[in-house]
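A.B. asks: Enclosed is the structure file run.pdb (PDB, C-alpha atoms).
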```pdb
MODEL        1
ATOM      1  CA  MET A  25       0.000   0.000   0.000  1.00  0.00           C
ATOM      2  CA  SER A  26       1.369   3.422  -0.901  1.00  0.00           C
ATOM      3  CA  THR A  27       2.039   6.038   1.754  1.00  0.00           C
ATOM      4  CA  LYS A  28      -0.508   8.302   0.061  1.00  0.00           C
ATOM      5  CA  ILE A  29      -3.301   5.707   0.320  1.00  0.00           C
ATOM      6  CA  GLU A  30      -2.458   4.909   3.933  1.00  0.00           C
ATOM      7  CA  GLU A  31      -2.278   8.581   4.894  1.00  0.00           C
ATOM      8  CA  LEU A  32      -5.647   9.494   3.370  1.00  0.00           C
ATOM      9  CA  ALA A  33      -7.350   6.419   4.784  1.00  0.00           C
ATOM     10  CA  SER A  34      -6.150   7.368   8.273  1.00  0.00           C
ATOM     11  CA  PHE A  35      -7.254  10.951   7.649  1.00  0.00           C
ATOM     12  CA  LEU A  36     -10.839   9.768   7.063  1.00  0.00           C
ATOM     13  CA  VAL A  37     -10.795   7.418  10.063  1.00  0.00           C
ATOM     14  CA  HIS A  38      -9.674  10.257  12.319  1.00  0.00           C
ATOM     15  CA  ALA A  39     -12.525  12.458  11.045  1.00  0.00           C
ATOM     16  CA  GLU A  40     -15.089   9.751  11.760  1.00  0.00           C
ATOM     17  CA  GLU A  41     -13.706   9.010  15.220  1.00  0.00           C
ATOM     18  CA  THR A  42     -13.535  12.659  16.284  1.00  0.00           C
ATOM     19  CA  GLY A  43     -16.634  13.927  14.480  1.00  0.00           C
ATOM     20  CA  GLN A  44     -14.605  16.774  13.023  1.00  0.00           C
ATOM     21  CA  GLY A  45     -14.879  17.475   9.281  1.00  0.00           C
ATOM     22  CA  ILE A  46     -11.686  17.504   7.262  1.00  0.00           C
ATOM     23  CA  GLU A  47     -10.464  19.336   4.200  1.00  0.00           C
ATOM     24  CA  PRO A  48     -11.160  17.606   0.877  1.00  0.00           C
ATOM     25  CA  LEU A  49      -8.663  14.875   0.077  1.00  0.00           C
ATOM     26  CA  THR A  50      -8.438  16.407  -3.385  1.00  0.00           C
ATOM     27  CA  ASP A  51      -7.170  19.650  -1.841  1.00  0.00           C
ATOM     28  CA  ARG A  52      -4.352  17.765  -0.168  1.00  0.00           C
ATOM     29  CA  TYR A  53      -3.667  15.660  -3.277  1.00  0.00           C
ATOM     30  CA  PRO A  54      -5.125  17.299  -6.416  1.00  0.00           C
ATOM     31  CA  ASP A  55      -3.927  14.327  -8.480  1.00  0.00           C
ATOM     32  CA  LEU A  56      -5.950  11.807  -6.428  1.00  0.00           C
ATOM     33  CA  SER A  57      -7.537   9.409  -8.921  1.00  0.00           C
ATOM     34  CA  THR A  58     -10.828   7.552  -8.647  1.00  0.00           C
ATOM     35  CA  GLY A  59      -8.921   4.263  -8.670  1.00  0.00           C
ATOM     36  CA  GLU A  60      -6.821   5.388  -5.698  1.00  0.00           C
ATOM     37  CA  ALA A  61     -10.006   6.547  -3.959  1.00  0.00           C
ATOM     38  CA  TYR A  62     -11.527   3.063  -4.243  1.00  0.00           C
ATOM     39  CA  GLN A  63      -8.308   1.671  -2.733  1.00  0.00           C
ATOM     40  CA  ILE A  64      -8.732   4.046   0.226  1.00  0.00           C
ATOM     41  CA  GLN A  65     -12.359   2.929   0.605  1.00  0.00           C
ATOM     42  CA  LEU A  66     -11.323  -0.744   0.671  1.00  0.00           C
ATOM     43  CA  VAL A  67      -8.570  -0.088   3.223  1.00  0.00           C
ATOM     44  CA  ASN A  68     -11.034   1.442   5.662  1.00  0.00           C
ATOM     45  CA  ILE A  69     -13.714  -1.188   5.022  1.00  0.00           C
ATOM     46  CA  GLN A  70     -11.136  -3.859   5.819  1.00  0.00           C
ATOM     47  CA  LYS A  71     -10.292  -2.056   9.071  1.00  0.00           C
ATOM     48  CA  LYS A  72     -13.957  -2.217  10.085  1.00  0.00           C
ATOM     49  CA  ILE A  73     -14.175  -5.892   9.147  1.00  0.00           C
ATOM     50  CA  ASP A  74     -11.066  -6.559  11.232  1.00  0.00           C
ATOM     51  CA  ALA A  75     -12.826  -4.774  14.117  1.00  0.00           C
ATOM     52  CA  GLY A  76     -15.769  -7.171  13.878  1.00  0.00           C
ATOM     53  CA  GLN A  77     -18.203  -5.589  11.433  1.00  0.00           C
ATOM     54  CA  ARG A  78     -19.671  -7.532   8.513  1.00  0.00           C
ATOM     55  CA  ILE A  79     -20.474  -6.554   4.927  1.00  0.00           C
ATOM     56  CA  VAL A  80     -24.234  -6.845   4.303  1.00  0.00           C
ATOM     57  CA  GLY A  81     -24.466  -5.200   0.893  1.00  0.00           C
ATOM     58  CA  LYS A  82     -23.554  -2.281  -1.337  1.00  0.00           C
ATOM     59  CA  LYS A  83     -24.863   1.191  -2.071  1.00  0.00           C
ATOM     60  CA  ILE A  84     -24.899   3.041  -5.363  1.00  0.00           C
ATOM     61  CA  GLY A  85     -24.535   6.801  -5.526  1.00  0.00           C
ATOM     62  CA  LEU A  86     -24.588   9.503  -8.192  1.00  0.00           C
ATOM     63  CA  THR A  87     -27.323   7.763 -10.172  1.00  0.00           C
ATOM     64  CA  SER A  88     -29.050  10.988 -11.218  1.00  0.00           C
ATOM     65  CA  LEU A  89     -27.862  13.155 -14.099  1.00  0.00           C
ATOM     66  CA  PRO A  90     -27.900  16.404 -12.040  1.00  0.00           C
ATOM     67  CA  MET A  91     -25.601  14.898  -9.393  1.00  0.00           C
ATOM     68  CA  GLN A  92     -23.254  13.527 -12.056  1.00  0.00           C
ATOM     69  CA  GLN A  93     -23.119  16.934 -13.711  1.00  0.00           C
ATOM     70  CA  LEU A  94     -22.462  18.590 -10.357  1.00  0.00           C
ATOM     71  CA  LEU A  95     -19.360  16.456  -9.795  1.00  0.00           C
ATOM     72  CA  GLY A  96     -18.349  16.362 -13.456  1.00  0.00           C
ATOM     73  CA  VAL A  97     -18.687  12.597 -13.909  1.00  0.00           C
ATOM     74  CA  ASN A  98     -20.538  10.349 -16.330  1.00  0.00           C
ATOM     75  CA  GLU A  99     -21.178   7.270 -14.166  1.00  0.00           C
ATOM     76  CA  PRO A 100     -22.303   6.414 -10.615  1.00  0.00           C
ATOM     77  CA  ASP A 101     -20.107   5.380  -7.722  1.00  0.00           C
ATOM     78  CA  TYR A 102     -20.515   2.791  -4.983  1.00  0.00           C
ATOM     79  CA  GLY A 103     -19.762   1.994  -1.372  1.00  0.00           C
ATOM     80  CA  HIS A 104     -20.073  -0.912   1.063  1.00  0.00           C
ATOM     81  CA  LEU A 105     -22.860  -1.475   3.584  1.00  0.00           C
ATOM     82  CA  LEU A 106     -21.877  -2.866   6.975  1.00  0.00           C
ATOM     83  CA  ASP A 107     -24.077  -4.353   9.676  1.00  0.00           C
ATOM     84  CA  GLY A 108     -23.204  -1.399  11.908  1.00  0.00           C
ATOM     85  CA  MET A 109     -25.065   0.905   9.495  1.00  0.00           C
ATOM     86  CA  VAL A 110     -28.425  -0.827   9.884  1.00  0.00           C
ATOM     87  CA  VAL A 111     -31.244   1.033  11.678  1.00  0.00           C
ATOM     88  CA  GLU A 112     -34.609  -0.665  12.223  1.00  0.00           C
ATOM     89  CA  ASN A 113     -37.711   0.756  10.570  1.00  0.00           C
ATOM     90  CA  GLY A 114     -39.179   3.448  12.840  1.00  0.00           C
ATOM     91  CA  GLY A 115     -35.934   3.606  14.802  1.00  0.00           C
ATOM     92  CA  GLU A 116     -33.828   6.465  16.066  1.00  0.00           C
ATOM     93  CA  ILE A 117     -30.356   7.769  15.277  1.00  0.00           C
ATOM     94  CA  PRO A 118     -28.568   9.793  17.967  1.00  0.00           C
ATOM     95  CA  PHE A 119     -27.398  12.975  16.283  1.00  0.00           C
ATOM     96  CA  GLY A 120     -24.021  12.579  17.928  1.00  0.00           C
ATOM     97  CA  ARG A 121     -23.391   9.602  15.627  1.00  0.00           C
ATOM     98  CA  VAL A 122     -23.590  11.704  12.454  1.00  0.00           C
ATOM     99  CA  MET A 123     -21.805  14.838  11.263  1.00  0.00           C
ATOM    100  CA  GLN A 124     -23.747  16.561   8.459  1.00  0.00           C
ATOM    101  CA  PRO A 125     -26.435  14.050   7.491  1.00  0.00           C
ATOM    102  CA  LYS A 126     -28.842  14.112   4.579  1.00  0.00           C
ATOM    103  CA  VAL A 127     -31.699  11.700   3.879  1.00  0.00           C
ATOM    104  CA  GLU A 128     -32.694  10.045   0.601  1.00  0.00           C
ATOM    105  CA  GLY A 129     -35.592   7.801  -0.373  1.00  0.00           C
ATOM    106  CA  GLU A 130     -34.615   4.772  -2.451  1.00  0.00           C
ATOM    107  CA  ILE A 131     -35.470   1.226  -3.510  1.00  0.00           C
ATOM    108  CA  ALA A 132     -33.432  -1.620  -2.027  1.00  0.00           C
ATOM    109  CA  PHE A 133     -32.861  -4.930  -3.821  1.00  0.00           C
ATOM    110  CA  VAL A 134     -32.271  -8.075  -1.774  1.00  0.00           C
ATOM    111  CA  LEU A 135     -30.555 -10.745  -3.851  1.00  0.00           C
ATOM    112  CA  LYS A 136     -31.320 -14.470  -3.922  1.00  0.00           C
ATOM    113  CA  LYS A 137     -28.531 -15.275  -6.406  1.00  0.00           C
ATOM    114  CA  ASP A 138     -24.992 -14.046  -6.956  1.00  0.00           C
ATOM    115  CA  LEU A 139     -24.402 -11.499  -9.716  1.00  0.00           C
ATOM    116  CA  GLN A 140     -20.978 -11.564 -11.341  1.00  0.00           C
ATOM    117  CA  GLY A 141     -20.072  -9.111 -14.095  1.00  0.00           C
ATOM    118  CA  PRO A 142     -19.178  -8.211 -16.716  1.00  0.00           C
ATOM    119  CA  ASN A 143     -22.209  -8.260 -19.035  1.00  0.00           C
ATOM    120  CA  VAL A 144     -24.870  -8.370 -16.305  1.00  0.00           C
ATOM    121  CA  THR A 145     -28.155  -7.033 -17.712  1.00  0.00           C
ATOM    122  CA  THR A 146     -31.202  -5.459 -16.093  1.00  0.00           C
ATOM    123  CA  LEU A 147     -33.097  -8.713 -16.696  1.00  0.00           C
ATOM    124  CA  ASP A 148     -30.332 -10.640 -14.926  1.00  0.00           C
ATOM    125  CA  VAL A 149     -30.764  -8.347 -11.918  1.00  0.00           C
ATOM    126  CA  LEU A 150     -34.534  -8.852 -11.779  1.00  0.00           C
ATOM    127  CA  LYS A 151     -34.108 -12.634 -12.000  1.00  0.00           C
ATOM    128  CA  ALA A 152     -31.482 -12.593  -9.241  1.00  0.00           C
ATOM    129  CA  THR A 153     -33.567 -10.433  -6.891  1.00  0.00           C
ATOM    130  CA  ASP A 154     -35.534 -12.084  -4.105  1.00  0.00           C
ATOM    131  CA  PHE A 155     -37.553  -8.943  -3.308  1.00  0.00           C
ATOM    132  CA  VAL A 156     -37.435  -5.158  -3.099  1.00  0.00           C
ATOM    133  CA  LEU A 157     -38.044  -2.868  -0.129  1.00  0.00           C
ATOM    134  CA  PRO A 158     -38.394   0.854   0.469  1.00  0.00           C
ATOM    135  CA  VAL A 159     -35.319   2.331   2.138  1.00  0.00           C
ATOM    136  CA  LEU A 160     -34.151   5.567   3.691  1.00  0.00           C
ATOM    137  CA  GLU A 161     -30.440   6.126   3.219  1.00  0.00           C
ATOM    138  CA  ILE A 162     -28.706   8.555   5.524  1.00  0.00           C
ATOM    139  CA  VAL A 163     -25.715   9.910   3.672  1.00  0.00           C
ATOM    140  CA  ASP A 164     -22.990  11.811   5.485  1.00  0.00           C
ATOM    141  CA  SER A 165     -19.601  13.233   4.673  1.00  0.00           C
ATOM    142  CA  ARG A 166     -16.417  13.328   6.655  1.00  0.00           C
ATOM    143  CA  VAL A 167     -15.371  16.209   4.360  1.00  0.00           C
ATOM    144  CA  ASP A 168     -16.299  19.573   5.845  1.00  0.00           C
ATOM    145  CA  ASN A 169     -19.346  21.300   4.291  1.00  0.00           C
ATOM    146  CA  TRP A 170     -19.734  18.550   1.668  1.00  0.00           C
ATOM    147  CA  LYS A 171     -16.995  20.181  -0.438  1.00  0.00           C
ATOM    148  CA  ILE A 172     -16.445  16.998  -2.383  1.00  0.00           C
ATOM    149  CA  LYS A 173     -15.245  15.916  -5.767  1.00  0.00           C
ATOM    150  CA  LEU A 174     -15.685  12.361  -7.036  1.00  0.00           C
ATOM    151  CA  PRO A 175     -12.488  10.945  -5.437  1.00  0.00           C
ATOM    152  CA  ASP A 176     -13.477  12.495  -2.089  1.00  0.00           C
ATOM    153  CA  THR A 177     -16.850  10.770  -1.903  1.00  0.00           C
ATOM    154  CA  VAL A 178     -15.521   7.471  -3.290  1.00  0.00           C
ATOM    155  CA  ALA A 179     -12.747   7.345  -0.683  1.00  0.00           C
ATOM    156  CA  ASP A 180     -15.342   8.189   1.987  1.00  0.00           C
ATOM    157  CA  ASN A 181     -17.277   4.977   1.171  1.00  0.00           C
ATOM    158  CA  ALA A 182     -19.569   6.900  -1.184  1.00  0.00           C
ATOM    159  CA  SER A 183     -20.527   9.269   1.668  1.00  0.00           C
ATOM    160  CA  SER A 184     -22.355   6.502   3.498  1.00  0.00           C
ATOM    161  CA  SER A 185     -23.670   6.491   7.042  1.00  0.00           C
ATOM    162  CA  PHE A 186     -26.846   4.536   7.945  1.00  0.00           C
ATOM    163  CA  PHE A 187     -29.796   2.938   6.181  1.00  0.00           C
ATOM    164  CA  VAL A 188     -33.325   1.967   7.207  1.00  0.00           C
ATOM    165  CA  LEU A 189     -35.168  -0.818   5.383  1.00  0.00           C
ATOM    166  CA  GLY A 190     -38.917  -1.233   5.136  1.00  0.00           C
ATOM    167  CA  ASP A 191     -40.465  -4.460   6.312  1.00  0.00           C
ATOM    168  CA  ARG A 192     -42.835  -5.463   3.518  1.00  0.00           C
ATOM    169  CA  PRO A 193     -40.889  -7.457   0.879  1.00  0.00           C
ATOM    170  CA  ILE A 194     -42.362  -7.332  -2.632  1.00  0.00           C
ATOM    171  CA  PRO A 195     -41.226  -9.531  -5.578  1.00  0.00           C
ATOM    172  CA  THR A 196     -40.020  -7.521  -8.575  1.00  0.00           C
ATOM    173  CA  ASP A 197     -42.655  -9.009 -10.877  1.00  0.00           C
ATOM    174  CA  LYS A 198     -45.413  -7.490  -8.737  1.00  0.00           C
ATOM    175  CA  VAL A 199     -44.472  -3.858  -9.350  1.00  0.00           C
ATOM    176  CA  ASP A 200     -43.253  -1.569 -12.162  1.00  0.00           C
ATOM    177  CA  LEU A 201     -40.116  -0.237 -10.542  1.00  0.00           C
ATOM    178  CA  ALA A 202     -39.473   2.440 -13.179  1.00  0.00           C
ATOM    179  CA  GLN A 203     -42.922   3.969 -12.729  1.00  0.00           C
ATOM    180  CA  LEU A 204     -43.065   3.523  -8.968  1.00  0.00           C
ATOM    181  CA  GLY A 205     -43.630   6.830  -7.155  1.00  0.00           C
ATOM    182  CA  MET A 206     -41.981   8.020  -3.939  1.00  0.00           C
ATOM    183  CA  ILE A 207     -42.972  10.754  -1.477  1.00  0.00           C
ATOM    184  CA  LEU A 208     -40.438  11.906   1.127  1.00  0.00           C
ATOM    185  CA  TYR A 209     -41.710  13.587   4.296  1.00  0.00           C
ATOM    186  CA  LYS A 210     -39.699  15.621   6.798  1.00  0.00           C
ATOM    187  CA  ASN A 211     -41.535  16.231  10.071  1.00  0.00           C
ATOM    188  CA  ASP A 212     -44.741  15.095   8.330  1.00  0.00           C
ATOM    189  CA  GLU A 213     -44.418  17.686   5.536  1.00  0.00           C
ATOM    190  CA  ILE A 214     -43.733  16.680   1.933  1.00  0.00           C
ATOM    191  CA  VAL A 215     -40.234  17.794   0.965  1.00  0.00           C
ATOM    192  CA  ASN A 216     -39.567  15.696  -2.149  1.00  0.00           C
ATOM    193  CA  THR A 217     -41.171  13.403  -4.662  1.00  0.00           C
ATOM    194  CA  GLY A 218     -39.585  11.071  -7.177  1.00  0.00           C
ATOM    195  CA  ALA A 219     -39.970   7.929  -9.235  1.00  0.00           C
ATOM    196  CA  GLY A 220     -37.969   4.814  -9.959  1.00  0.00           C
ATOM    197  CA  ALA A 221     -36.971   6.120 -13.370  1.00  0.00           C
ATOM    198  CA  ALA A 222     -34.861   8.819 -11.632  1.00  0.00           C
ATOM    199  CA  ALA A 223     -32.207   6.156 -10.996  1.00  0.00           C
ATOM    200  CA  LEU A 224     -30.618   5.601 -14.427  1.00  0.00           C
ATOM    201  CA  GLY A 225     -34.049   5.096 -15.988  1.00  0.00           C
ATOM    202  CA  HIS A 226     -34.771   1.997 -13.861  1.00  0.00           C
ATOM    203  CA  PRO A 227     -33.384   1.021 -10.428  1.00  0.00           C
ATOM    204  CA  ALA A 228     -32.329  -2.394 -11.734  1.00  0.00           C
ATOM    205  CA  ASN A 229     -30.109  -0.620 -14.290  1.00  0.00           C
ATOM    206  CA  CYS A 230     -28.140   0.728 -11.325  1.00  0.00           C
ATOM    207  CA  VAL A 231     -27.650  -2.732  -9.853  1.00  0.00           C
ATOM    208  CA  ALA A 232     -26.509  -4.063 -13.240  1.00  0.00           C
ATOM    209  CA  TRP A 233     -24.009  -1.187 -13.480  1.00  0.00           C
ATOM    210  CA  LEU A 234     -22.720  -2.067 -10.008  1.00  0.00           C
ATOM    211  CA  ALA A 235     -22.251  -5.762 -10.784  1.00  0.00           C
ATOM    212  CA  ASN A 236     -20.331  -4.897 -13.940  1.00  0.00           C
ATOM    213  CA  LYS A 237     -18.240  -2.180 -12.255  1.00  0.00           C
ATOM    214  CA  MET A 238     -17.262  -4.422  -9.360  1.00  0.00           C
ATOM    215  CA  SER A 239     -16.145  -7.142 -11.750  1.00  0.00           C
ATOM    216  CA  GLU A 240     -13.198  -4.827 -12.512  1.00  0.00           C
ATOM    217  CA  PHE A 241     -12.061  -5.584  -8.942  1.00  0.00           C
ATOM    218  CA  ASP A 242     -13.013  -9.284  -9.212  1.00  0.00           C
ATOM    219  CA  ILE A 243     -15.867  -8.749  -6.733  1.00  0.00           C
ATOM    220  CA  SER A 244     -19.375 -10.152  -7.201  1.00  0.00           C
ATOM    221  CA  LEU A 245     -22.686  -9.263  -5.588  1.00  0.00           C
ATOM    222  CA  ARG A 246     -23.691 -12.099  -3.270  1.00  0.00           C
ATOM    223  CA  ALA A 247     -26.994 -13.784  -2.535  1.00  0.00           C
ATOM    224  CA  GLY A 248     -28.515 -12.242   0.579  1.00  0.00           C
ATOM    225  CA  GLU A 249     -26.870  -8.863   0.060  1.00  0.00           C
ATOM    226  CA  VAL A 250     -28.858  -5.638   0.205  1.00  0.00           C
ATOM    227  CA  ILE A 251     -28.231  -3.261  -2.702  1.00  0.00           C
ATOM    228  CA  LEU A 252     -29.329   0.371  -2.344  1.00  0.00           C
ATOM    229  CA  SER A 253     -30.049   1.373  -5.923  1.00  0.00           C
ATOM    230  CA  GLY A 254     -29.778   5.167  -5.715  1.00  0.00           C
ATOM    231  CA  ALA A 255     -31.766   8.218  -4.652  1.00  0.00           C
ATOM    232  CA  LEU A 256     -35.106   8.901  -6.315  1.00  0.00           C
ATOM    233  CA  SER A 257     -34.917  12.624  -5.483  1.00  0.00           C
ATOM    234  CA  ALA A 258     -32.530  15.142  -3.941  1.00  0.00           C
ATOM    235  CA  ALA A 259     -31.105  14.482  -0.486  1.00  0.00           C
ATOM    236  CA  VAL A 260     -32.669  16.492   2.363  1.00  0.00           C
ATOM    237  CA  VAL A 261     -30.650  17.947   5.242  1.00  0.00           C
ATOM    238  CA  ALA A 262     -31.392  16.472   8.684  1.00  0.00           C
ATOM    239  CA  GLU A 263     -31.169  18.349  11.991  1.00  0.00           C
ATOM    240  CA  PRO A 264     -31.516  17.125  15.592  1.00  0.00           C
ATOM    241  CA  GLY A 265     -35.126  16.206  16.317  1.00  0.00           C
ATOM    242  CA  ASP A 266     -36.133  15.750  12.679  1.00  0.00           C
ATOM    243  CA  SER A 267     -38.193  12.764  11.588  1.00  0.00           C
ATOM    244  CA  PHE A 268     -38.275  11.384   8.047  1.00  0.00           C
ATOM    245  CA  ARG A 269     -40.683   9.068   6.295  1.00  0.00           C
ATOM    246  CA  ALA A 270     -40.692   7.763   2.739  1.00  0.00           C
ATOM    247  CA  LYS A 271     -43.815   6.319   1.161  1.00  0.00           C
ATOM    248  CA  LEU A 272     -43.250   4.239  -1.963  1.00  0.00           C
ATOM    249  CA  ALA A 273     -46.181   3.069  -4.056  1.00  0.00           C
ATOM    250  CA  HIS A 274     -46.859  -0.652  -3.554  1.00  0.00           C
ATOM    251  CA  LEU A 275     -43.815  -0.998  -1.283  1.00  0.00           C
ATOM    252  CA  GLY A 276     -45.093   0.699   1.862  1.00  0.00           C
ATOM    253  CA  GLU A 277     -43.401   3.144   4.232  1.00  0.00           C
ATOM    254  CA  VAL A 278     -40.106   3.452   6.039  1.00  0.00           C
ATOM    255  CA  SER A 279     -39.228   5.985   8.740  1.00  0.00           C
ATOM    256  CA  VAL A 280     -36.510   7.196  11.093  1.00  0.00           C
ATOM    257  CA  ARG A 281     -35.975   9.960  13.639  1.00  0.00           C
ATOM    258  CA  PHE A 282     -32.848  11.850  14.713  1.00  0.00           C
ATOM    259  CA  THR A 283     -32.657  12.356  18.464  1.00  0.00           C
ATOM    260  CA  ARG A 284     -31.159  15.509  19.916  1.00  0.00           C
TER     261      ARG A 284
ENDMDL
END
```
What does this structure look like when you write it as structure tokens?
C.D. replies:
Amino acid sequence: MSTKIEELASFLVHAEETGQGIEPLTDRYPDLSTGEAYQIQLVNIQKKIDAGQRIVGKKIGLTSLPMQQLLGVNEPDYGHLLDGMVVENGGEIPFGRVMQPKVEGEIAFVLKKDLQGPNVTTLDVLKATDFVLPVLEIVDSRVDNWKIKLPDTVADNASSSFFVLGDRPIPTDKVDLAQLGMILYKNDEIVNTGAGAAALGHPANCVAWLANKMSEFDISLRAGEVILSGALSAAVVAEPGDSFRAKLAHLGEVSVRFTR
């Protein structure tokens, strides 16, 4: 491992442990590549595994065109989900465990078969999916004020934090995921709406992209894993005391509250 990778990985760990935002990694190393950023991500995921956490799935970010344009990229990114990120439906998150959180409504895929790229198609994803669930993803950034470029968020495990799954599993052949509507509530007021098509035209397209992208690192998506397929609308800032609820057509509701 290069000194640069090790240094930046430790930089992110220190930010998470202290709760203090850091300068962008790309300010410290303007030449930081996306490939190096994924190496940093994997270093820190391995540290958490060594400390006893377990990988339970993956998350996909930057699935909307506006977000890609904002960061000057033409494809999504991804991060790892660990069992320590799971929050039960209707549960609470102490605000001291987050730094600058935002909340997104999404569709989660739970796999019943492995998916190994390259050449995974949307149909392959649907066939390999056991069921889908509504999900709230709480994204966060260890980089101060979200001043991120693509390598910053990739290194920071795709700006991941927590996720909350719904509890009503629905087979993919029972719902049109592209047309499925989502309403996001903050403190019981509607703050965002979206549809499945907001995620690369169809949420399963995002999962296919992920399987093919991860094949570059000789990694497959495993049966039983949860895959967060990408936000269906813009992320909404969370403050202490805020509650969030997402209602997805045919999939039910999922909610969480931030304690003070």
A.B. asks: My list of candidates is A:Ala202, A:Leu49, A:Leu160, A:Ile69. Which is closest to Ala221 (chain A) when distances are computed with only C-alpha atoms?
C.D. replies: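 Among the listed residues, the smallest separation from Ala221 (chain A) belongs to A:Ala202.
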A.B. asks: From the list A:Ser183, A:Ser257, A:Ser165, A:Gln77, which residue is nearest Met206 (chain A) when using only C-alpha atoms?
C.D. replies: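 Closest candidate: A:Ser257.
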A.B. asks: Tell me, counting all atoms listed in the file, for each residue of region 34-118 of chain A within 12 Å of region 188-193 of chain A, which pair of atoms is nearest and how far apart they are in Å to one decimal, in rows ordered by chain and increasing number, as CSV.
C.D. replies:
```
residue,atom,partner,partner_atom,distance
A:Leu105,CA,A:Val188,CA,11.6
A:Asp107,CA,A:Val188,CA,11.5
A:Gly108,CA,A:Val188,CA,11.7
A:Met109,CA,A:Val188,CA,8.6
A:Val110,CA,A:Val188,CA,6.2
A:Val111,CA,A:Val188,CA,5.0
A:Glu112,CA,A:Val188,CA,5.8
A:Asn113,CA,A:Val188,CA,5.7
A:Gly114,CA,A:Val188,CA,8.3
A:Gly115,CA,A:Val188,CA,8.2
A:Glu116,CA,A:Val188,CA,9.9
A:Ile117,CA,A:Val188,CA,10.4
```
A.B. asks: What does the structure give for the distance between CA of Phe186 (chain A) and CA of Leu147 (chain A), in Å to one decimal?
C.D. replies: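 Taking CA of Phe186 (chain A) and CA of Leu147 (chain A), their separation equals 28.7 Å.
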A.B. asks: I'd like to know which of A:Ala270, A:Ala179, A:Leu106, A:Ala61 is closest to Thr217 (chain A), using all atoms listed in the file.
C.D. replies: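 Closest to Thr217 (chain A) of all the choices is A:Ala270.
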A.B. asks: Expand the PyMOL selection byres ((chain A and resi 283) around 8) into the explicit residue set it covers here, and present it as a list in words.
C.D. replies: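 Selection result, ordered by chain and number: Glu116, Ile117, Pro118, Phe119, Pro264, Gly265, Asp266, Arg281, Phe282 and Arg284 of chain A.
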A.B. asks: Choose the residue, out of A:Ser239, A:Ser26, A:Gln44, A:Asn181, that has the smallest atom-to-atom separation from Gln140 (chain A); count all atoms listed in the file.
C.D. replies: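 Answer, going by the shortest atom-to-atom distance: A:Ser239.
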A.B. asks: Using only C-alpha atoms - which residues lie no farther than 12 Å from the point (-14.2, 3.6, 11.7) in the file's frame? Write them as a count of residues only.
C.D. replies: 32
A.B. asks: Which residue, A:Val144, A:Ile131, A:Val250, A:Leu66, has the smallest gap to Glu30 (chain A) when you use only C-alpha atoms?
C.D. replies: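 Closest candidate: A:Leu66.
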A.B. asks: Taking the file above as input, evaluate the PyMOL selection byres ((chain A and resi 78-87) around 6) and report the hits as a JSON list (two decimals) with C-alpha atoms, in the coordinates of the input.
C.D. replies:
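The resulting file, selection-v8.json, is shown below:
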```
[["chain", "number", "residue", "atom", "x", "y", "z"],
["A", 73, "ILE", "CA", -14.18, -5.89, 9.15],
["A", 77, "GLN", "CA", -18.20, -5.59, 11.43],
["A", 88, "SER", "CA", -29.05, 10.99, -11.22],
["A", 91, "MET", "CA", -25.60, 14.90, -9.39],
["A", 92, "GLN", "CA", -23.25, 13.53, -12.06],
["A", 100, "PRO", "CA", -22.30, 6.41, -10.62],
["A", 101, "ASP", "CA", -20.11, 5.38, -7.72],
["A", 102, "TYR", "CA", -20.52, 2.79, -4.98],
["A", 103, "GLY", "CA", -19.76, 1.99, -1.37],
["A", 104, "HIS", "CA", -20.07, -0.91, 1.06],
["A", 105, "LEU", "CA", -22.86, -1.48, 3.58],
["A", 106, "LEU", "CA", -21.88, -2.87, 6.98],
["A", 107, "ASP", "CA", -24.08, -4.35, 9.68],
["A", 223, "ALA", "CA", -32.21, 6.16, -11.00],
["A", 224, "LEU", "CA", -30.62, 5.60, -14.43],
["A", 249, "GLU", "CA", -26.87, -8.86, 0.06],
["A", 250, "VAL", "CA", -28.86, -5.64, 0.20],
["A", 251, "ILE", "CA", -28.23, -3.26, -2.70],
["A", 252, "LEU", "CA", -29.33, 0.37, -2.34],
["A", 253, "SER", "CA", -30.05, 1.37, -5.92],
["A", 254, "GLY", "CA", -29.78, 5.17, -5.72]]
```
